[in-house]
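Okay, structure first, notes after.
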Amino acid sequence: MRYQNTYVNLDTRLYHEQPPTPLDNPRTGHFNTQVAQQLGWTNDEDLMTNWVEILGGQYVPADFKPLSMAYAGHQFGQWAGQLGDGRGLLMAQVLDNGGHPQDLHLKGAGLTPYSRMGDGRAVLRSTIREYLCGHALTQLGIPSSNALGFVVSDTRVRRERIEAGAALMRVADSHIRLGHVEWIASFAPDVLGEFTDYMIDTYYPECRDSETPVLAFLTAVVERTARMIADWQLIGFAHGVMNTDNLSITGSTLDFGPFGFMERFNPAWINNHSDHTGRYSYQNQPAIGHWNLNVWLPHFMRLEGVTRETLADCLAPYEATFMQHYQQGLCRKLGLPHQRESLTLAFEWLTLLEDNLLDYSNSFRALLGLVAPNEHPHEQQLLSTMTAEFNNEALEVWQNWSTRYLTQIKQLPTEQAIHDMQANNPVYVLRNSMAQRAIDAAEKGQFEEVNRVFELLANPYSVQDIAIDLDTMPPAPHAPQMPISCSS
Ligand code: AMP
Ligand code: MG
């Protein structure tokens with residue numbers, strides 16, 4: 001691997017160098033060979049032979065520089081003060097095969113100075129959810145952290161019950177969160193200049209070409225965040241805990257807790273049970289992204305040339321970037337050109353989904369069964385399942401809508417429309433029930449279902465033989481939501 005451990009050269013107040021605390025008898029959970037190849041991990045015999053010991057915290061390769069990072073954050077809209085890596089360590093920074101920076105971060109690695117009341121550990125259940133979700137989003141084409149693999153162990157961890165400790169080697173383009181800058185502003189304001197230079201040079205080097213690199217950098221963070229959240233909306237993903245300590249400066253999805261993929265479409269859906277006010281509901285995500293950036297940006301006024309007015313200019317493109325990306329994506333999902341008529345149809349379609357509590361992913365995919373039935377038997381089946389749920393009123397709305405839709409879709413060459421629909425509407429997303437089945441088996445020591453779901457999600461846009469009916473089955477329309485524990 002090509003190491004580039006630069007964080008350790010920054011001001012020492014920003015981190016604490018320390019090794020992981022070993023887990024007891026770590027064992028293979030899963031290994032992501034594709035990620036390992038991309039990192040160059042597979043070319044290193046020492047890393048390949050000892051990967052379980054490395055993830056179990058029992059062996060630290062000489063080129064690694066493990067450290068915990070300080071950061072702060074706003075949680076559920078309130079200033080939470082110092083947080084930091086309480087159970088994860090930045091193990092190494094490397095350049096991947098494409099020359100892009102990647103962090104290796106071991107989550108569940110034991111106590112750090114930032115552990116506060118926690119035990120420094122992660123349980124198997126939440127580790128599997130994070131592992132499968134990072135993989136799912138990556139394969140869906142959405143910027144996200146992913147993982148090299150995970151291990152399970154005999155270390156006992158107390159949550160609502162006693163559970164097995166696990167550890168995940170998270171791979172992300174950066175682990176710098178909005179909350180890093182918030183920490184600096186409160187506890188070490190003199191390093192803000194140095195840290196901003198580091199963020200630009202490492203993650204946004206193209207901004208150096210600007211006459212005002214800091215403003216170019218801030219604008220780019222705003223735009224990338226807006227695009228990521230538009231991607232989430234389009235795929236039906238709800239992060240669930242969009243605190244400023246969980247948002248990366250690179251606009252890449254980070255930190256998976258009680259996340260969810262939309263099943264029965266309800267824009268007001270709250271996937272996080274401890275989110276009593278619905279602050280992080282599906283439909284609030286775009287506004288919360290803006291809220292987070294708005295509390296983050298003013299810290300940069302400490303830097304020369306940054307004023308309230310120039311910061312307003314950095315934040316201004318947020319809404320337009322989001323809308324552009326979201327509306328374009330919505331049209332692609334429907335195989336329509338990006339035009340006013342298409343958007344009218346798109347929003348009517350979403351209303352039909354909402355009024356009839358239809359499954360978000362299946363319904364979009366089902367339209368291929370309408371547009372090109374002969375080539376899409378699976379989608380034809382989805383379409384009949386969907387229309388079977390309609391009452392007379394819904395059937396009338398559907399018939400009217402689908403007639404106009406089939407006229408509008410002729411605006412694009414058929415091949416392009418079908419390609420756009422296939423490439424933007426997954427057959428498989430990580431439903432909570434799927435993750436839970438994999439977890440239940442893994443907790444009994446059986447990892448075949450983790451494997452199968454992993455393989456399925458590797459190609460989410462194609463119908464696959466290894467799928468079972470449950471993979472595309474939404475819960476019943478008014479079924480109570482599956483409880484996902486917030487403890488992890
Ligand atoms: P999260 O809710 O996972 O984003 O974590 C919020 C903060 O709590 C971060 O500073 C974490 O490092 C810390 N934290 C979460 N769980 C634990 C734990 N079991 N032990 C120590 N710190 C934790
Ligand atoms: Mg977090």
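In the structure tokens, each chain is lettered A, B, ... as it comes, each chain's residues begin at 1, and ligands are numbered from 1 in order of appearance.
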- Task: Find the residues around Gly141 in chain A up to 12 Å (only C-alpha atoms counted), leave out those fewer than 2 positions away in its own chain, and share them as a list in words.
- Result: Gly134, His135, Ala136, Leu137, Thr138, Gln139, Pro143, Ser144, Ser145, Asn146, Met228, Asp231, Trp232, Leu234, Ile235, Ser252, Thr253, Ala423, Asn424, Asn425, Pro426, Leu457, Ala458, Asn459, Pro460 and Tyr461 of chain A
Emit the selected residues as a short mmCIF file (atom, residue, chain, number, x, y, z; two decimals), in the first residue's frame, including C-alpha atoms.
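New file out_26.cif:
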```
data_model
loop_
_atom_site.label_atom_id
_atom_site.label_comp_id
_atom_site.auth_asym_id
_atom_site.auth_seq_id
_atom_site.Cartn_x
_atom_site.Cartn_y
_atom_site.Cartn_z
CA GLY A 134 -21.50 1.13 3.15
CA HIS A 135 -21.26 -1.61 0.54
CA ALA A 136 -24.87 -1.07 -0.61
CA LEU A 137 -24.47 2.69 -1.09
CA THR A 138 -21.10 2.32 -2.80
CA GLN A 139 -22.48 -0.21 -5.26
CA PRO A 143 -20.51 8.52 -2.25
CA SER A 144 -20.06 6.61 0.98
CA SER A 145 -17.60 5.09 3.36
CA ASN A 146 -17.16 1.37 2.78
CA MET A 228 -24.96 13.60 -1.65
CA ASP A 231 -28.59 11.07 -4.06
CA TRP A 232 -29.99 9.87 -0.72
CA LEU A 234 -33.46 9.63 -4.95
CA ILE A 235 -32.53 6.19 -3.67
CA SER A 252 -19.50 11.24 1.40
CA THR A 253 -21.92 9.27 3.61
CA ALA A 423 -29.30 2.25 -14.08
CA ASN A 424 -31.14 4.43 -11.56
CA ASN A 425 -33.75 2.14 -10.02
CA PRO A 426 -32.26 -0.64 -7.92
CA LEU A 457 -25.97 -5.81 -3.09
CA ALA A 458 -22.82 -5.96 -5.19
CA ASN A 459 -25.09 -5.69 -8.26
CA PRO A 460 -28.16 -3.88 -7.00
CA TYR A 461 -29.40 -2.85 -10.44
#
```
Env. residues ligand 2 / 9 Å / only C-alpha atoms and all ligand atoms / as a short mmCIF file (atom, residue, chain, number, x, y, z; two decimals) with C-alpha atoms, in the first residue's frame:
```
data_model
loop_
_atom_site.label_atom_id
_atom_site.label_comp_id
_atom_site.auth_asym_id
_atom_site.auth_seq_id
_atom_site.Cartn_x
_atom_site.Cartn_y
_atom_site.Cartn_z
CA LEU A 83 -16.91 14.33 21.20
CA GLY A 84 -14.06 12.73 19.25
CA ASP A 85 -13.21 9.15 18.27
CA VAL A 241 -28.48 10.93 12.65
CA ASN A 243 -25.46 15.56 13.48
CA THR A 244 -22.53 17.71 12.44
CA ASP A 245 -20.15 15.11 13.87
CA ASN A 246 -21.53 12.56 11.39
CA LEU A 247 -21.14 14.63 8.23
CA LEU A 254 -20.39 8.53 7.01
CA ASP A 255 -21.47 6.93 10.29
CA PHE A 256 -24.36 4.52 9.99
CA GLY A 257 -26.68 4.19 12.94
#
```
- Task: Identify, counting only C-alpha atoms and all ligand atoms, the protein, DNA and RNA residues located within 10 Å of ligand 1, and give them as a ChimeraX atom specification.
- Result: /A:68-73,75,80,82-89,107-123,126,157-159,241-247,254-258,486-488
- Message: Please extract the residues of range 81-272 of chain A with a backbone DSSP assignment of helix (DSSP H, G or I) and present them as a count of residues only.
- Response: 73
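As for CA of Asn284 in chain A and CA of Gln324 in chain A, they are spaced 17.6 Å apart.
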- Task: Tell me which protein, DNA and RNA residues are within 8 Å of Gly29 in chain A, counting only C-alpha atoms, leaving out same-chain ones fewer than 6 positions away, and put them as a ChimeraX atom specification.
- Result: /A:149-152,447
Include all heavy atoms and write out the residues we just selected as an mmCIF file, in the first residue's frame.
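Okay, selection.cif is ready:
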```
data_model
loop_
_atom_site.group_PDB
_atom_site.id
_atom_site.type_symbol
_atom_site.label_atom_id
_atom_site.label_comp_id
_atom_site.auth_asym_id
_atom_site.auth_seq_id
_atom_site.Cartn_x
_atom_site.Cartn_y
_atom_site.Cartn_z
ATOM 1 N N GLY A 149 -13.448 -4.990 5.807
ATOM 2 C CA GLY A 149 -13.944 -6.230 6.380
ATOM 3 C C GLY A 149 -14.332 -6.013 7.824
ATOM 4 O O GLY A 149 -14.233 -4.887 8.333
ATOM 5 N N PHE A 150 -14.827 -7.076 8.452
ATOM 6 C CA PHE A 150 -15.104 -6.987 9.890
ATOM 7 C C PHE A 150 -14.801 -8.321 10.556
ATOM 8 O O PHE A 150 -14.767 -9.366 9.899
ATOM 9 C CB PHE A 150 -16.538 -6.518 10.159
ATOM 10 C CG PHE A 150 -17.623 -7.535 9.899
ATOM 11 C CD1 PHE A 150 -18.029 -8.428 10.896
ATOM 12 C CD2 PHE A 150 -18.251 -7.606 8.669
ATOM 13 C CE1 PHE A 150 -19.034 -9.360 10.660
ATOM 14 C CE2 PHE A 150 -19.263 -8.534 8.427
ATOM 15 C CZ PHE A 150 -19.654 -9.413 9.430
ATOM 16 N N VAL A 151 -14.571 -8.248 11.852
ATOM 17 C CA VAL A 151 -14.337 -9.455 12.653
ATOM 18 C C VAL A 151 -15.308 -9.473 13.828
ATOM 19 O O VAL A 151 -15.812 -8.429 14.248
ATOM 20 C CB VAL A 151 -12.879 -9.525 13.195
ATOM 21 C CG1 VAL A 151 -11.879 -9.677 12.063
ATOM 22 C CG2 VAL A 151 -12.544 -8.305 14.059
ATOM 23 N N VAL A 152 -15.573 -10.669 14.317
ATOM 24 C CA VAL A 152 -16.389 -10.838 15.516
ATOM 25 C C VAL A 152 -15.460 -11.444 16.570
ATOM 26 O O VAL A 152 -14.397 -11.950 16.222
ATOM 27 C CB VAL A 152 -17.609 -11.741 15.213
ATOM 28 C CG1 VAL A 152 -17.207 -13.120 14.746
ATOM 29 C CG2 VAL A 152 -18.551 -11.826 16.413
ATOM 30 N N PHE A 447 -22.480 -17.090 8.948
ATOM 31 C CA PHE A 447 -22.267 -15.875 8.156
ATOM 32 C C PHE A 447 -22.683 -16.012 6.693
ATOM 33 O O PHE A 447 -22.428 -15.125 5.893
ATOM 34 C CB PHE A 447 -20.807 -15.422 8.286
ATOM 35 C CG PHE A 447 -20.521 -14.829 9.637
ATOM 36 C CD1 PHE A 447 -20.198 -15.651 10.718
ATOM 37 C CD2 PHE A 447 -20.622 -13.468 9.856
ATOM 38 C CE1 PHE A 447 -19.982 -15.113 11.980
ATOM 39 C CE2 PHE A 447 -20.406 -12.912 11.108
ATOM 40 C CZ PHE A 447 -20.084 -13.737 12.171
#
```
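Across the model, the gap from CA of Arg264 in chain A to CA of Pro480 in chain A is 11.5 Å.
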May I have the residues within 10 Å of range 259-262 of chain A as an mmCIF file with all heavy atoms, in the first residue's frame, using only C-alpha atoms and disregarding those fewer than 4 positions away in the same chain?
```
data_model
loop_
_atom_site.group_PDB
_atom_site.id
_atom_site.type_symbol
_atom_site.label_atom_id
_atom_site.label_comp_id
_atom_site.auth_asym_id
_atom_site.auth_seq_id
_atom_site.Cartn_x
_atom_site.Cartn_y
_atom_site.Cartn_z
ATOM 1 N N ARG A 129 -24.671 -3.989 10.149
ATOM 2 C CA ARG A 129 -25.489 -2.968 9.465
ATOM 3 C C ARG A 129 -24.598 -1.941 8.760
ATOM 4 O O ARG A 129 -24.829 -1.577 7.617
ATOM 5 C CB ARG A 129 -26.428 -2.275 10.467
ATOM 6 C CG ARG A 129 -27.688 -3.095 10.777
ATOM 7 C CD ARG A 129 -28.555 -2.433 11.853
ATOM 8 N NE ARG A 129 -28.950 -1.082 11.520
ATOM 9 C CZ ARG A 129 -30.003 -0.750 10.757
ATOM 10 N NH1 ARG A 129 -30.788 -1.683 10.272
ATOM 11 N NH2 ARG A 129 -30.284 0.523 10.509
ATOM 12 N N GLU A 130 -23.567 -1.482 9.454
ATOM 13 C CA GLU A 130 -22.675 -0.502 8.828
ATOM 14 C C GLU A 130 -21.935 -1.118 7.641
ATOM 15 O O GLU A 130 -21.780 -0.490 6.587
ATOM 16 C CB GLU A 130 -21.675 0.041 9.864
ATOM 17 C CG GLU A 130 -20.567 0.883 9.233
ATOM 18 C CD GLU A 130 -20.072 2.034 10.076
ATOM 19 O OE1 GLU A 130 -20.414 2.121 11.262
ATOM 20 O OE2 GLU A 130 -19.323 2.870 9.520
ATOM 21 N N CYS A 133 -24.338 -1.575 4.707
ATOM 22 C CA CYS A 133 -24.861 -0.315 4.171
ATOM 23 C C CYS A 133 -23.796 0.443 3.375
ATOM 24 O O CYS A 133 -24.091 0.993 2.309
ATOM 25 C CB CYS A 133 -25.418 0.565 5.277
ATOM 26 S SG CYS A 133 -26.347 1.957 4.593
ATOM 27 N N TRP A 232 -29.255 10.615 -1.773
ATOM 28 C CA TRP A 232 -29.990 9.871 -0.724
ATOM 29 C C TRP A 232 -31.486 9.911 -0.999
ATOM 30 O O TRP A 232 -32.181 8.900 -0.903
ATOM 31 C CB TRP A 232 -29.772 10.491 0.651
ATOM 32 C CG TRP A 232 -28.411 10.378 1.251
ATOM 33 C CD1 TRP A 232 -27.332 9.687 0.779
ATOM 34 C CD2 TRP A 232 -27.990 10.996 2.483
ATOM 35 N NE1 TRP A 232 -26.261 9.855 1.637
ATOM 36 C CE2 TRP A 232 -26.644 10.643 2.672
ATOM 37 C CE3 TRP A 232 -28.621 11.817 3.412
ATOM 38 C CZ2 TRP A 232 -25.916 11.075 3.797
ATOM 39 C CZ3 TRP A 232 -27.895 12.255 4.521
ATOM 40 C CH2 TRP A 232 -26.559 11.878 4.703
ATOM 41 N N GLN A 233 -31.979 11.108 -1.308
ATOM 42 C CA GLN A 233 -33.428 11.263 -1.526
ATOM 43 C C GLN A 233 -33.876 10.375 -2.681
ATOM 44 O O GLN A 233 -34.916 9.735 -2.638
ATOM 45 C CB GLN A 233 -33.773 12.720 -1.836
ATOM 46 C CG GLN A 233 -33.482 13.709 -0.728
ATOM 47 C CD GLN A 233 -34.418 13.590 0.472
ATOM 48 O OE1 GLN A 233 -34.045 13.072 1.503
ATOM 49 N NE2 GLN A 233 -35.624 14.060 0.351
ATOM 50 N N ILE A 235 -32.591 7.637 -3.881
ATOM 51 C CA ILE A 235 -32.533 6.194 -3.666
ATOM 52 C C ILE A 235 -33.465 5.783 -2.509
ATOM 53 O O ILE A 235 -33.690 4.602 -2.262
ATOM 54 C CB ILE A 235 -31.062 5.765 -3.422
ATOM 55 C CG1 ILE A 235 -30.757 4.433 -4.084
ATOM 56 C CG2 ILE A 235 -30.686 5.748 -1.970
ATOM 57 C CD1 ILE A 235 -30.604 4.493 -5.564
ATOM 58 N N GLY A 236 -33.983 6.792 -1.785
ATOM 59 C CA GLY A 236 -34.885 6.515 -0.674
ATOM 60 C C GLY A 236 -34.147 6.244 0.627
ATOM 61 O O GLY A 236 -34.666 5.566 1.511
ATOM 62 N N PHE A 237 -32.944 6.795 0.760
ATOM 63 C CA PHE A 237 -32.128 6.545 1.945
ATOM 64 C C PHE A 237 -32.341 7.627 2.994
ATOM 65 O O PHE A 237 -32.381 8.815 2.670
ATOM 66 C CB PHE A 237 -30.648 6.513 1.541
ATOM 67 C CG PHE A 237 -29.695 6.309 2.687
ATOM 68 C CD1 PHE A 237 -29.520 5.056 3.247
ATOM 69 C CD2 PHE A 237 -28.974 7.376 3.205
ATOM 70 C CE1 PHE A 237 -28.639 4.861 4.307
ATOM 71 C CE2 PHE A 237 -28.086 7.190 4.266
ATOM 72 C CZ PHE A 237 -27.922 5.930 4.812
ATOM 73 N N ALA A 238 -32.489 7.216 4.244
ATOM 74 C CA ALA A 238 -32.546 8.175 5.349
ATOM 75 C C ALA A 238 -31.409 7.851 6.316
ATOM 76 O O ALA A 238 -31.318 6.740 6.828
ATOM 77 C CB ALA A 238 -33.890 8.096 6.057
ATOM 78 N N HIS A 239 -30.532 8.807 6.531
ATOM 79 C CA HIS A 239 -29.350 8.595 7.367
ATOM 80 C C HIS A 239 -29.740 8.424 8.834
ATOM 81 O O HIS A 239 -29.237 7.549 9.526
ATOM 82 C CB HIS A 239 -28.399 9.785 7.180
ATOM 83 C CG HIS A 239 -27.122 9.694 7.957
ATOM 84 N ND1 HIS A 239 -27.076 9.885 9.318
ATOM 85 C CD2 HIS A 239 -25.854 9.430 7.578
ATOM 86 C CE1 HIS A 239 -25.806 9.741 9.728
ATOM 87 N NE2 HIS A 239 -25.056 9.463 8.694
ATOM 88 N N GLY A 240 -30.623 9.284 9.286
ATOM 89 C CA GLY A 240 -31.171 9.105 10.630
ATOM 90 C C GLY A 240 -30.483 9.900 11.725
ATOM 91 O O GLY A 240 -31.124 10.236 12.715
ATOM 92 N N VAL A 241 -29.188 10.182 11.593
ATOM 93 C CA VAL A 241 -28.483 10.929 12.649
ATOM 94 C C VAL A 241 -27.550 11.953 12.005
ATOM 95 O O VAL A 241 -26.332 11.875 12.116
ATOM 96 C CB VAL A 241 -27.650 10.008 13.579
ATOM 97 C CG1 VAL A 241 -27.433 10.688 14.926
ATOM 98 C CG2 VAL A 241 -28.304 8.662 13.790
ATOM 99 N N ASP A 255 -20.860 7.232 8.991
ATOM 100 C CA ASP A 255 -21.474 6.931 10.290
ATOM 101 C C ASP A 255 -22.908 6.424 10.165
ATOM 102 O O ASP A 255 -23.868 7.196 10.134
ATOM 103 C CB ASP A 255 -21.451 8.163 11.203
ATOM 104 C CG ASP A 255 -20.349 8.025 12.234
ATOM 105 O OD1 ASP A 255 -19.776 6.921 12.329
ATOM 106 O OD2 ASP A 255 -20.064 8.999 12.939
ATOM 107 N N ASN A 266 -43.422 7.230 2.419
ATOM 108 C CA ASN A 266 -43.975 8.227 3.314
ATOM 109 C C ASN A 266 -42.893 9.276 3.547
ATOM 110 O O ASN A 266 -41.932 9.018 4.270
ATOM 111 C CB ASN A 266 -44.375 7.548 4.640
ATOM 112 C CG ASN A 266 -44.676 8.568 5.716
ATOM 113 O OD1 ASN A 266 -44.948 9.731 5.417
ATOM 114 N ND2 ASN A 266 -44.615 8.149 6.968
ATOM 115 N N PRO A 267 -43.021 10.438 2.927
ATOM 116 C CA PRO A 267 -41.958 11.446 3.029
ATOM 117 C C PRO A 267 -41.661 11.854 4.475
ATOM 118 O O PRO A 267 -40.557 12.283 4.781
ATOM 119 C CB PRO A 267 -42.505 12.634 2.238
ATOM 120 C CG PRO A 267 -43.588 12.087 1.378
ATOM 121 C CD PRO A 267 -44.134 10.880 2.062
ATOM 122 N N TRP A 269 -41.397 9.995 6.934
ATOM 123 C CA TRP A 269 -40.859 8.811 7.623
ATOM 124 C C TRP A 269 -39.686 9.152 8.553
ATOM 125 O O TRP A 269 -38.727 9.799 8.155
ATOM 126 C CB TRP A 269 -40.386 7.823 6.553
ATOM 127 C CG TRP A 269 -39.736 6.587 7.064
ATOM 128 C CD1 TRP A 269 -40.171 5.776 8.056
ATOM 129 C CD2 TRP A 269 -38.524 6.002 6.572
ATOM 130 N NE1 TRP A 269 -39.316 4.709 8.212
ATOM 131 C CE2 TRP A 269 -38.303 4.828 7.316
ATOM 132 C CE3 TRP A 269 -37.614 6.353 5.569
ATOM 133 C CZ2 TRP A 269 -37.201 4.001 7.101
ATOM 134 C CZ3 TRP A 269 -36.516 5.539 5.350
ATOM 135 C CH2 TRP A 269 -36.314 4.379 6.107
ATOM 136 N N ILE A 270 -39.801 8.685 9.805
ATOM 137 C CA ILE A 270 -38.720 8.853 10.790
ATOM 138 C C ILE A 270 -38.143 7.467 11.040
ATOM 139 O O ILE A 270 -38.829 6.591 11.573
ATOM 140 C CB ILE A 270 -39.268 9.415 12.115
ATOM 141 C CG1 ILE A 270 -39.987 10.747 11.887
ATOM 142 C CG2 ILE A 270 -38.151 9.581 13.138
ATOM 143 C CD1 ILE A 270 -40.846 11.177 13.071
ATOM 144 N N ASN A 271 -36.910 7.240 10.630
ATOM 145 C CA ASN A 271 -36.348 5.897 10.774
ATOM 146 C C ASN A 271 -35.619 5.715 12.103
ATOM 147 O O ASN A 271 -35.340 4.598 12.503
ATOM 148 C CB ASN A 271 -35.425 5.564 9.610
ATOM 149 C CG ASN A 271 -34.283 6.541 9.516
ATOM 150 O OD1 ASN A 271 -34.495 7.746 9.580
ATOM 151 N ND2 ASN A 271 -33.087 6.048 9.405
ATOM 152 N N ASN A 272 -35.311 6.832 12.769
ATOM 153 C CA ASN A 272 -34.566 6.756 14.032
ATOM 154 C C ASN A 272 -35.555 6.911 15.190
ATOM 155 O O ASN A 272 -36.147 7.970 15.373
ATOM 156 C CB ASN A 272 -33.535 7.893 14.046
ATOM 157 C CG ASN A 272 -32.722 7.938 15.321
ATOM 158 O OD1 ASN A 272 -33.047 7.266 16.293
ATOM 159 N ND2 ASN A 272 -31.668 8.728 15.312
ATOM 160 N N TYR A 282 -36.995 11.562 6.621
ATOM 161 C CA TYR A 282 -36.577 11.517 5.208
ATOM 162 C C TYR A 282 -36.696 12.877 4.534
ATOM 163 O O TYR A 282 -35.748 13.372 3.928
ATOM 164 C CB TYR A 282 -37.430 10.459 4.491
ATOM 165 C CG TYR A 282 -37.289 10.465 2.994
ATOM 166 C CD1 TYR A 282 -36.210 9.840 2.371
ATOM 167 C CD2 TYR A 282 -38.234 11.104 2.190
ATOM 168 C CE1 TYR A 282 -36.077 9.854 0.993
ATOM 169 C CE2 TYR A 282 -38.114 11.117 0.806
ATOM 170 C CZ TYR A 282 -37.032 10.491 0.218
ATOM 171 O OH TYR A 282 -36.909 10.504 -1.153
ATOM 172 N N ASP A 359 -44.388 0.621 -2.255
ATOM 173 C CA ASP A 359 -42.968 0.443 -1.985
ATOM 174 C C ASP A 359 -42.163 1.332 -2.938
ATOM 175 O O ASP A 359 -42.330 1.258 -4.160
ATOM 176 C CB ASP A 359 -42.575 -1.019 -2.188
ATOM 177 C CG ASP A 359 -41.123 -1.254 -1.801
ATOM 178 O OD1 ASP A 359 -40.850 -1.340 -0.593
ATOM 179 O OD2 ASP A 359 -40.255 -1.319 -2.700
ATOM 180 N N TYR A 360 -41.268 2.138 -2.360
ATOM 181 C CA TYR A 360 -40.552 3.148 -3.153
ATOM 182 C C TYR A 360 -39.698 2.497 -4.251
ATOM 183 O O TYR A 360 -39.858 2.807 -5.438
ATOM 184 C CB TYR A 360 -39.688 3.994 -2.217
ATOM 185 C CG TYR A 360 -38.944 5.125 -2.890
ATOM 186 C CD1 TYR A 360 -39.590 6.303 -3.222
ATOM 187 C CD2 TYR A 360 -37.586 5.007 -3.193
ATOM 188 C CE1 TYR A 360 -38.915 7.346 -3.841
ATOM 189 C CE2 TYR A 360 -36.902 6.045 -3.813
ATOM 190 C CZ TYR A 360 -37.572 7.211 -4.137
ATOM 191 O OH TYR A 360 -36.891 8.237 -4.745
ATOM 192 N N SER A 361 -38.815 1.584 -3.895
ATOM 193 C CA SER A 361 -37.897 1.000 -4.891
ATOM 194 C C SER A 361 -38.634 0.124 -5.891
ATOM 195 O O SER A 361 -38.415 0.224 -7.098
ATOM 196 C CB SER A 361 -36.807 0.161 -4.209
ATOM 197 O OG SER A 361 -36.104 0.941 -3.292
ATOM 198 N N VAL A 429 -32.363 -3.048 -2.429
ATOM 199 C CA VAL A 429 -31.762 -2.127 -1.455
ATOM 200 C C VAL A 429 -31.675 -2.895 -0.136
ATOM 201 O O VAL A 429 -32.278 -3.964 -0.002
ATOM 202 C CB VAL A 429 -32.584 -0.824 -1.280
ATOM 203 C CG1 VAL A 429 -32.536 0.027 -2.530
ATOM 204 C CG2 VAL A 429 -34.025 -1.125 -0.856
ATOM 205 N N LEU A 430 -30.926 -2.334 0.810
ATOM 206 C CA LEU A 430 -30.758 -3.033 2.095
ATOM 207 C C LEU A 430 -31.964 -2.730 2.984
ATOM 208 O O LEU A 430 -31.963 -1.780 3.758
ATOM 209 C CB LEU A 430 -29.451 -2.597 2.764
ATOM 210 C CG LEU A 430 -29.125 -3.275 4.096
ATOM 211 C CD1 LEU A 430 -28.956 -4.777 3.936
ATOM 212 C CD2 LEU A 430 -27.850 -2.666 4.700
ATOM 213 N N ARG A 431 -32.983 -3.539 2.855
ATOM 214 C CA ARG A 431 -34.157 -3.377 3.715
ATOM 215 C C ARG A 431 -33.762 -3.778 5.140
ATOM 216 O O ARG A 431 -32.935 -4.684 5.320
ATOM 217 C CB ARG A 431 -35.308 -4.263 3.206
ATOM 218 C CG ARG A 431 -35.816 -3.846 1.839
ATOM 219 C CD ARG A 431 -36.833 -4.828 1.274
ATOM 220 N NE ARG A 431 -37.125 -4.500 -0.119
ATOM 221 C CZ ARG A 431 -38.083 -3.656 -0.508
ATOM 222 N NH1 ARG A 431 -38.876 -3.107 0.388
ATOM 223 N NH2 ARG A 431 -38.265 -3.371 -1.784
ATOM 224 N N ASN A 432 -34.385 -3.134 6.134
ATOM 225 C CA ASN A 432 -34.066 -3.485 7.530
ATOM 226 C C ASN A 432 -34.269 -4.963 7.795
ATOM 227 O O ASN A 432 -33.511 -5.581 8.529
ATOM 228 C CB ASN A 432 -34.938 -2.666 8.493
ATOM 229 C CG ASN A 432 -34.355 -1.279 8.725
ATOM 230 O OD1 ASN A 432 -33.155 -1.053 8.550
ATOM 231 N ND2 ASN A 432 -35.203 -0.344 9.108
ATOM 232 N N PRO A 474 -41.801 -5.641 0.650
ATOM 233 C CA PRO A 474 -41.973 -4.599 1.671
ATOM 234 C C PRO A 474 -42.838 -5.108 2.814
ATOM 235 O O PRO A 474 -43.555 -6.103 2.646
ATOM 236 C CB PRO A 474 -42.702 -3.492 0.910
ATOM 237 C CG PRO A 474 -43.457 -4.198 -0.163
ATOM 238 C CD PRO A 474 -42.655 -5.425 -0.530
ATOM 239 N N ILE A 484 -35.293 -0.604 15.376
ATOM 240 C CA ILE A 484 -33.831 -0.718 15.234
ATOM 241 C C ILE A 484 -33.217 -0.023 16.445
ATOM 242 O O ILE A 484 -33.398 1.175 16.619
ATOM 243 C CB ILE A 484 -33.333 -0.017 13.937
ATOM 244 C CG1 ILE A 484 -33.995 -0.624 12.701
ATOM 245 C CG2 ILE A 484 -31.826 -0.070 13.833
ATOM 246 C CD1 ILE A 484 -33.678 -2.064 12.426
ATOM 247 N N CYS A 486 -30.990 1.963 18.904
ATOM 248 C CA CYS A 486 -30.030 3.031 18.687
ATOM 249 C C CYS A 486 -28.689 2.716 19.343
ATOM 250 O O CYS A 486 -27.677 3.337 19.054
ATOM 251 C CB CYS A 486 -30.549 4.351 19.241
ATOM 252 S SG CYS A 486 -31.844 4.991 18.199
#
```
Long-range neighbours of Ala467 in chain A as a short mmCIF file (atom, residue, chain, number, x, y, z; two decimals) with C-alpha atoms, in the first residue's frame, 9 Å cut-off, only C-alpha atoms, 6 positions minimum in chain:
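That gives us around-v7.cif:
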```
data_model
loop_
_atom_site.label_atom_id
_atom_site.label_comp_id
_atom_site.auth_asym_id
_atom_site.auth_seq_id
_atom_site.Cartn_x
_atom_site.Cartn_y
_atom_site.Cartn_z
CA TYR A 428 -32.30 -4.53 -4.33
CA ARG A 452 -25.46 -13.71 0.29
CA VAL A 453 -26.77 -10.22 1.02
CA LEU A 456 -26.77 -9.43 -3.88
#
```
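Compared by their closest atoms to Leu124 in chain A, and using only C-alpha atoms, the residues A:Ala320, A:Met421, A:Ala438, A:Ile54 rank with A:Ala438 nearest.
The nearest approach to Ala216 in chain A among the residues A:Ala268, A:Trp41, A:Val306, A:Ala172, with only C-alpha atoms taken into account, belongs to A:Val306.
The coordinates place CA of Pro66 in chain A at 6.5 Å from CA of Ala92 in chain A.
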